[in-house]
Amino acid sequence: MTVSTEAPPAPSRPAAALDLDALAGLRTVPARHPWRWAAGIAALVVLAQFAHGLATNPGWDWATFRLYFTADTILRAIGRTLELTAYGTVLGFLLGTAVAAMRLSRSAILRSIAWAYVWVFRSIPLIVQLVFWFNLSYLYKRFGIGIPFGPTFGDVETVGVLGALGAAVLGLGLHQAAFAAEIIRGGIIAVDSGQREAAAALGIPRWRQGWRIVLPQAMRGILPAAANEVISLLKGTSVVYVMAIGELFYQAQVIYGRTGRVVPLLMVATVWYVLLTTALSIGQYYVERHFARGAERTPPPTPWQRLRALARSLPARTRPAAAHTSGGQS
Amino acid sequence: MTTLTKPGPNPSGPAPAAPMVQVRGLHKSFGRLEVLRGVDLDVPVGSVTVVLGPSGSGKSTLLRAINHLEKLDRGHVAIDGELIGYRRSGDRLYELREREVLRQRTGIGFVFQNFNLFPHLTVLENLVEAPVAALRRPKAEARAAALALLERVGLADKAAAYPRQLSGGQQQRVAIARALALEPKVLLFDEPTSALDPELVGEVLDVIKDLARSGTTMIVVTHEIGFAREVADTVVFMDGGVVVEQGPPAEVLDRPRHERTRAFLAKVL
């Protein structure tokens, strides 16, 4: 097709060009969103009502809340909760890593055993397992070390080794390991197989291929799910109240059983659980950030860096339009 | 690493030295698909062999078989006179354990089509990893050698960068430097420029040409006919899992004897 330089004016379009230079000095009026504002205000009113109820309804009994919130027994109980969470996490993820490695192993025997482990421990409710471990001494009176089907070198009474706390940690850890194994396995199989191949082509020893090349990349996929698990373990420790271990929820129950003030003590436990979960979530953010290195061209800023950037940009925003063009990194 | 000045394989000359790479009777099937159906190949020391052929002809599988990333159904590979993947004792061949295969691979550099750099490690860490982990070099020594290699591929200023912060061409140059860090006896390239934008192909080919001039033994699987013509001592044309013909580029590329070679070249030139 030939294009003529003197194009005839197309009849359906305006002939005159718009003079864009004339727009340069005009003020831009942002679009208004009255319904957005109305909905926002309505939501705030409902929220304010709820807050008002919290503050004024005598049923919440904030005086009792204040009395027990930092009471010694409660603080000790929090220590117990954290202890159970820490032991459960460490045992769960160490064992879980081993089970995940077994499930990915080339040995059919190890693969089958690991599969069976996950199958069994995912099937048993945590509370059933805890009570079961608690009653282990009924099944095995003594606990010894020796050769399978052969002689025993020494043994101790099961009750002595496995107190209530030991049974709780064992139950939580074994339960957690089954879930941790699947999360870790999921992270590992999501890493591009070319990574392992490249490591093999470079002659890097096999355990180091896993530890140095594959696992750090798998961590990106593992961490969000793992943090979920740690948080649900933190709250899940409240289940061990059935074994009369003085963790947070059990202690709150003991106190309201004595004083009859159920709601404020439930609130004490609730607020502490929220605070502990918050701390874990903040930790999660920084750990994830560490393992994200190299994943993006520019690493995302920390909340602190974001805050400082915002503080720097504020004076610029209040100034008129010209200031925007000079934006950028300092 | 061989530091011979390039003798230039001379097909009509006196008896050649033992080849760096010997491939005999390779067979490999994936399920019912026969990918390699009896491949023989000799690569003289210090020479550049370019392997051409349509996709699915078995070029990549051949390369992967040479460094034992792919186990063979039949046939044998030797590098510098050492059998790869097996040990002969009397009239038996014993399969090597993984640890021993990994040691053998440190003598065989491999450059992948999609680089396979370790994205969570910096460029320098990518280069230092294998010499320290596989050859137990001291860290300081490995770092110094890595920086010299980065200089050689023109990326000395990128040592602290992460791979994803680099262009494709830069990443592939890092991958070449990473393979060189082990001072391999032979370098294998699996379509090193196929994942690159056209304007980035040149910088990678320049690095490979520079290596060729310095006498590194190389096998390059590629679709770059111009590169083959310029750099190759031997061009190997593969189709259907066999070597159809091989010879100097002037013969194979300009006067192919086989109909299949002619048909392929007519399509890509």
# chains A, B, ... in the order shown; residues from 1 in each chain; ligands from 1

$ interface_residues --of "chain B" --to "chain A" --cutoff "8 Å" --atoms "only C-alpha atoms" --output "MDAnalysis selection string"
chainID B and resid 67 69 99 101:106 108:110 112 116:122 130 133:134 162:165 179 182

$ select_by_dssp --residues "stretch 170-209 of chain B" --states "strand (DSSP E)" --output "PyMOL selection string"
chain B and resi 186-190

$ write_last_selection --atoms "all heavy atoms" --output "short mmCIF file (atom, residue, chain, number, x, y, z; two decimals), in the first residue's frame"
data_model
loop_
_atom_site.label_atom_id
_atom_site.label_comp_id
_atom_site.auth_asym_id
_atom_site.auth_seq_id
_atom_site.Cartn_x
_atom_site.Cartn_y
_atom_site.Cartn_z
N VAL B 186 38.25 -30.72 29.64
CA VAL B 186 37.42 -30.52 28.46
C VAL B 186 36.18 -29.73 28.90
O VAL B 186 35.72 -29.85 30.03
CB VAL B 186 37.03 -31.88 27.83
CG1 VAL B 186 36.35 -32.78 28.82
CG2 VAL B 186 36.14 -31.68 26.61
N LEU B 187 35.69 -28.87 27.99
CA LEU B 187 34.50 -28.08 28.28
C LEU B 187 33.38 -28.52 27.35
O LEU B 187 33.59 -28.63 26.13
CB LEU B 187 34.78 -26.60 28.02
CG LEU B 187 35.20 -25.72 29.17
CD1 LEU B 187 35.40 -24.29 28.67
CD2 LEU B 187 34.18 -25.73 30.29
N LEU B 188 32.20 -28.79 27.92
CA LEU B 188 31.05 -29.16 27.11
C LEU B 188 30.03 -28.02 27.16
O LEU B 188 29.68 -27.53 28.22
CB LEU B 188 30.41 -30.44 27.67
CG LEU B 188 31.35 -31.61 27.97
CD1 LEU B 188 30.57 -32.77 28.58
CD2 LEU B 188 32.08 -32.05 26.72
N PHE B 189 29.58 -27.59 25.99
CA PHE B 189 28.58 -26.51 25.92
C PHE B 189 27.30 -27.07 25.33
O PHE B 189 27.28 -27.57 24.22
CB PHE B 189 29.07 -25.38 25.01
CG PHE B 189 30.23 -24.60 25.56
CD1 PHE B 189 31.53 -25.04 25.35
CD2 PHE B 189 30.02 -23.42 26.26
CE1 PHE B 189 32.60 -24.32 25.84
CE2 PHE B 189 31.09 -22.69 26.76
CZ PHE B 189 32.38 -23.15 26.55
N ASP B 190 26.20 -26.96 26.08
CA ASP B 190 24.91 -27.45 25.59
C ASP B 190 24.07 -26.25 25.13
O ASP B 190 23.41 -25.62 25.93
CB ASP B 190 24.19 -28.23 26.69
CG ASP B 190 22.93 -28.90 26.18
OD1 ASP B 190 22.70 -28.87 24.95
OD2 ASP B 190 22.17 -29.45 27.00
#

$ residues_around --residues "stretch 240-249 of chain B" --least-positions-apart "4" --cutoff "7 Å" --atoms "only C-alpha atoms" --output "PyMOL selection string"
chain B and resi 35-39+57-58+228-229+232-236+253

$ residues_around --residues "B:Val204" --least-positions-apart "2" --cutoff "8 Å" --atoms "only C-alpha atoms" --output "mmCIF file with N, CA, C and O atoms, in the first residue's frame"
data_model
loop_
_atom_site.group_PDB
_atom_site.id
_atom_site.type_symbol
_atom_site.label_atom_id
_atom_site.label_comp_id
_atom_site.auth_asym_id
_atom_site.auth_seq_id
_atom_site.Cartn_x
_atom_site.Cartn_y
_atom_site.Cartn_z
ATOM 1 N N GLY B 169 23.281 -12.681 28.733
ATOM 2 C CA GLY B 169 24.630 -12.864 28.207
ATOM 3 C C GLY B 169 25.669 -12.846 29.311
ATOM 4 O O GLY B 169 26.601 -13.665 29.320
ATOM 5 N N GLN B 170 25.478 -11.936 30.279
ATOM 6 C CA GLN B 170 26.412 -11.872 31.404
ATOM 7 C C GLN B 170 26.315 -13.143 32.245
ATOM 8 O O GLN B 170 27.329 -13.681 32.691
ATOM 9 N N GLN B 172 25.511 -16.120 31.263
ATOM 10 C CA GLN B 172 26.162 -17.248 30.606
ATOM 11 C C GLN B 172 27.680 -17.113 30.679
ATOM 12 O O GLN B 172 28.387 -18.113 30.806
ATOM 13 N N ARG B 173 28.181 -15.877 30.636
ATOM 14 C CA ARG B 173 29.630 -15.703 30.772
ATOM 15 C C ARG B 173 30.082 -16.102 32.173
ATOM 16 O O ARG B 173 31.150 -16.698 32.352
ATOM 17 N N PRO B 192 24.785 -23.071 24.258
ATOM 18 C CA PRO B 192 25.037 -21.990 25.218
ATOM 19 C C PRO B 192 24.362 -20.670 24.863
ATOM 20 O O PRO B 192 24.254 -19.806 25.729
ATOM 21 N N THR B 193 23.924 -20.507 23.621
ATOM 22 C CA THR B 193 23.336 -19.212 23.260
ATOM 23 C C THR B 193 21.856 -19.315 22.931
ATOM 24 O O THR B 193 21.234 -18.327 22.553
ATOM 25 N N LEU B 200 22.593 -10.531 22.407
ATOM 26 C CA LEU B 200 23.503 -10.948 23.478
ATOM 27 C C LEU B 200 24.326 -12.176 23.093
ATOM 28 O O LEU B 200 25.225 -12.577 23.807
ATOM 29 N N VAL B 201 23.989 -12.766 21.935
ATOM 30 C CA VAL B 201 24.667 -13.999 21.522
ATOM 31 C C VAL B 201 26.152 -13.741 21.297
ATOM 32 O O VAL B 201 27.008 -14.516 21.714
ATOM 33 N N GLY B 202 26.457 -12.582 20.663
ATOM 34 C CA GLY B 202 27.831 -12.281 20.273
ATOM 35 C C GLY B 202 28.804 -12.288 21.433
ATOM 36 O O GLY B 202 29.882 -12.879 21.341
ATOM 37 N N ASP B 206 32.009 -14.711 21.724
ATOM 38 C CA ASP B 206 33.362 -14.155 21.779
ATOM 39 C C ASP B 206 34.182 -14.824 22.871
ATOM 40 O O ASP B 206 35.372 -15.118 22.682
ATOM 41 N N VAL B 207 33.542 -15.048 24.039
ATOM 42 C CA VAL B 207 34.260 -15.708 25.144
ATOM 43 C C VAL B 207 34.663 -17.118 24.730
ATOM 44 O O VAL B 207 35.790 -17.570 24.978
ATOM 45 N N ILE B 208 33.734 -17.827 24.062
ATOM 46 C CA ILE B 208 34.037 -19.212 23.663
ATOM 47 C C ILE B 208 35.154 -19.232 22.614
ATOM 48 O O ILE B 208 36.048 -20.067 22.657
#

$ atom_distance --atom1 "atom CA of A:Val131" --atom2 "atom CA of A:Gly236"
14.4 Å

$ select_by_dssp --residues "stretch 124-215 of chain B" --states "alpha helix (DSSP H)" --output "VMD selection string"
chain B and resid 124 to 135 139 to 152 168 to 180 198 to 213

$ residues_around --residues "B:Ala78" --least-positions-apart "5" --cutoff "10 Å" --atoms "only C-alpha atoms" --output "ChimeraX atom specification"
/B:19-24,42,66-67,83-86

$ closest_residue --among "B:Val231, B:Val128, B:Ile219, B:Met238" --to "B:Leu205" --atoms "only C-alpha atoms"
B:Val231

$ closest_atom_pairs --of "stretch 228-317 of chain A" --to "stretch 74-88 of chain A" --cutoff "6 Å" --atoms "only C-alpha atoms" --output "CSV"
residue,atom,partner,partner_atom,distance
A:Leu234,CA,A:Thr85,CA,5.3
A:Gly246,CA,A:Ala77,CA,5.6
A:Glu247,CA,A:Ala77,CA,4.4
A:Leu248,CA,A:Ala77,CA,4.6

$ write_last_selection --atoms "N, CA, C and O atoms" --output "PDB file, in the first residue's frame"
ATOM      1  N   LEU A 234       2.257 -23.088  68.683  1.00  0.00           N
ATOM      2  CA  LEU A 234       2.177 -22.207  69.853  1.00  0.00           C
ATOM      3  C   LEU A 234       0.780 -22.264  70.463  1.00  0.00           C
ATOM      4  O   LEU A 234       0.609 -22.409  71.668  1.00  0.00           O
ATOM      5  N   GLY A 246       1.315 -26.781  83.432  1.00  0.00           N
ATOM      6  CA  GLY A 246       0.935 -25.402  83.714  1.00  0.00           C
ATOM      7  C   GLY A 246       1.277 -24.446  82.618  1.00  0.00           C
ATOM      8  O   GLY A 246       1.997 -23.472  82.830  1.00  0.00           O
ATOM      9  N   GLU A 247       0.765 -24.658  81.411  1.00  0.00           N
ATOM     10  CA  GLU A 247       0.984 -23.656  80.370  1.00  0.00           C
ATOM     11  C   GLU A 247      -0.130 -22.613  80.438  1.00  0.00           C
ATOM     12  O   GLU A 247      -1.008 -22.687  81.297  1.00  0.00           O
ATOM     13  N   LEU A 248      -0.089 -21.657  79.521  1.00  0.00           N
ATOM     14  CA  LEU A 248      -0.915 -20.459  79.624  1.00  0.00           C
ATOM     15  C   LEU A 248      -2.404 -20.756  79.783  1.00  0.00           C
ATOM     16  O   LEU A 248      -3.059 -20.276  80.710  1.00  0.00           O
TER      17      LEU A 248
END

$ residues_around --residues "A:Ala252" --least-positions-apart "5" --cutoff "10 Å" --atoms "only C-alpha atoms" --output "PyMOL selection string"
chain A and resi 68+73-74+77+246-247+257-258+261-262+264-269

$ closest_residue --among "B:Leu265, B:Val174, B:Val50, B:Ala18" --to "B:Ala159" --atoms "only C-alpha atoms"
B:Val174

$ closest_residue --among "A:Ala116, A:Leu223, A:Val240, A:Ala101" --to "A:Leu130" --atoms "only C-alpha atoms"
A:Val240

$ decode --residues "stretch 41-54 of chain A" --atoms "N, CA, C and O atoms" --output "PDB file, in the first residue's frame"
ATOM      1  N   ILE A  41     -16.761   5.331  56.537  1.00  0.00           N
ATOM      2  CA  ILE A  41     -17.233   5.926  57.793  1.00  0.00           C
ATOM      3  C   ILE A  41     -18.195   4.981  58.509  1.00  0.00           C
ATOM      4  O   ILE A  41     -18.107   4.797  59.731  1.00  0.00           O
ATOM      5  N   ALA A  42     -19.067   4.324  57.744  1.00  0.00           N
ATOM      6  CA  ALA A  42     -20.008   3.384  58.352  1.00  0.00           C
ATOM      7  C   ALA A  42     -19.247   2.279  59.076  1.00  0.00           C
ATOM      8  O   ALA A  42     -19.581   1.909  60.213  1.00  0.00           O
ATOM      9  N   ALA A  43     -18.206   1.759  58.435  1.00  0.00           N
ATOM     10  CA  ALA A  43     -17.417   0.692  59.064  1.00  0.00           C
ATOM     11  C   ALA A  43     -16.758   1.188  60.336  1.00  0.00           C
ATOM     12  O   ALA A  43     -16.710   0.485  61.351  1.00  0.00           O
ATOM     13  N   LEU A  44     -16.257   2.453  60.300  1.00  0.00           N
ATOM     14  CA  LEU A  44     -15.609   3.013  61.495  1.00  0.00           C
ATOM     15  C   LEU A  44     -16.605   3.154  62.645  1.00  0.00           C
ATOM     16  O   LEU A  44     -16.255   2.925  63.807  1.00  0.00           O
ATOM     17  N   VAL A  45     -17.858   3.517  62.309  1.00  0.00           N
ATOM     18  CA  VAL A  45     -18.882   3.681  63.360  1.00  0.00           C
ATOM     19  C   VAL A  45     -19.119   2.337  64.054  1.00  0.00           C
ATOM     20  O   VAL A  45     -19.162   2.250  65.282  1.00  0.00           O
ATOM     21  N   VAL A  46     -19.262   1.277  63.266  1.00  0.00           N
ATOM     22  CA  VAL A  46     -19.480  -0.052  63.847  1.00  0.00           C
ATOM     23  C   VAL A  46     -18.315  -0.438  64.747  1.00  0.00           C
ATOM     24  O   VAL A  46     -18.491  -0.930  65.866  1.00  0.00           O
ATOM     25  N   LEU A  47     -17.105  -0.173  64.256  1.00  0.00           N
ATOM     26  CA  LEU A  47     -15.906  -0.500  65.028  1.00  0.00           C
ATOM     27  C   LEU A  47     -15.878   0.285  66.342  1.00  0.00           C
ATOM     28  O   LEU A  47     -15.555  -0.261  67.409  1.00  0.00           O
ATOM     29  N   ALA A  48     -16.249   1.584  66.283  1.00  0.00           N
ATOM     30  CA  ALA A  48     -16.246   2.426  67.476  1.00  0.00           C
ATOM     31  C   ALA A  48     -17.255   1.905  68.493  1.00  0.00           C
ATOM     32  O   ALA A  48     -16.990   1.882  69.701  1.00  0.00           O
ATOM     33  N   GLN A  49     -18.410   1.442  67.993  1.00  0.00           N
ATOM     34  CA  GLN A  49     -19.421   0.874  68.890  1.00  0.00           C
ATOM     35  C   GLN A  49     -18.877  -0.331  69.635  1.00  0.00           C
ATOM     36  O   GLN A  49     -19.069  -0.485  70.838  1.00  0.00           O
ATOM     37  N   PHE A  50     -18.163  -1.169  68.865  1.00  0.00           N
ATOM     38  CA  PHE A  50     -17.605  -2.380  69.451  1.00  0.00           C
ATOM     39  C   PHE A  50     -16.584  -2.014  70.526  1.00  0.00           C
ATOM     40  O   PHE A  50     -16.593  -2.559  71.638  1.00  0.00           O
ATOM     41  N   ALA A  51     -15.710  -1.036  70.207  1.00  0.00           N
ATOM     42  CA  ALA A  51     -14.701  -0.594  71.170  1.00  0.00           C
ATOM     43  C   ALA A  51     -15.365  -0.012  72.409  1.00  0.00           C
ATOM     44  O   ALA A  51     -14.934  -0.258  73.545  1.00  0.00           O
ATOM     45  N   HIS A  52     -16.424   0.742  72.191  1.00  0.00           N
ATOM     46  CA  HIS A  52     -17.154   1.335  73.297  1.00  0.00           C
ATOM     47  C   HIS A  52     -17.712   0.237  74.205  1.00  0.00           C
ATOM     48  O   HIS A  52     -17.630   0.301  75.436  1.00  0.00           O
ATOM     49  N   GLY A  53     -18.240  -0.808  73.561  1.00  0.00           N
ATOM     50  CA  GLY A  53     -18.774  -1.936  74.323  1.00  0.00           C
ATOM     51  C   GLY A  53     -17.690  -2.605  75.148  1.00  0.00           C
ATOM     52  O   GLY A  53     -17.882  -2.914  76.334  1.00  0.00           O
ATOM     53  N   LEU A  54     -16.522  -2.782  74.528  1.00  0.00           N
ATOM     54  CA  LEU A  54     -15.402  -3.406  75.241  1.00  0.00           C
ATOM     55  C   LEU A  54     -15.037  -2.613  76.482  1.00  0.00           C
ATOM     56  O   LEU A  54     -14.744  -3.168  77.540  1.00  0.00           O
TER      57      LEU A  54
END
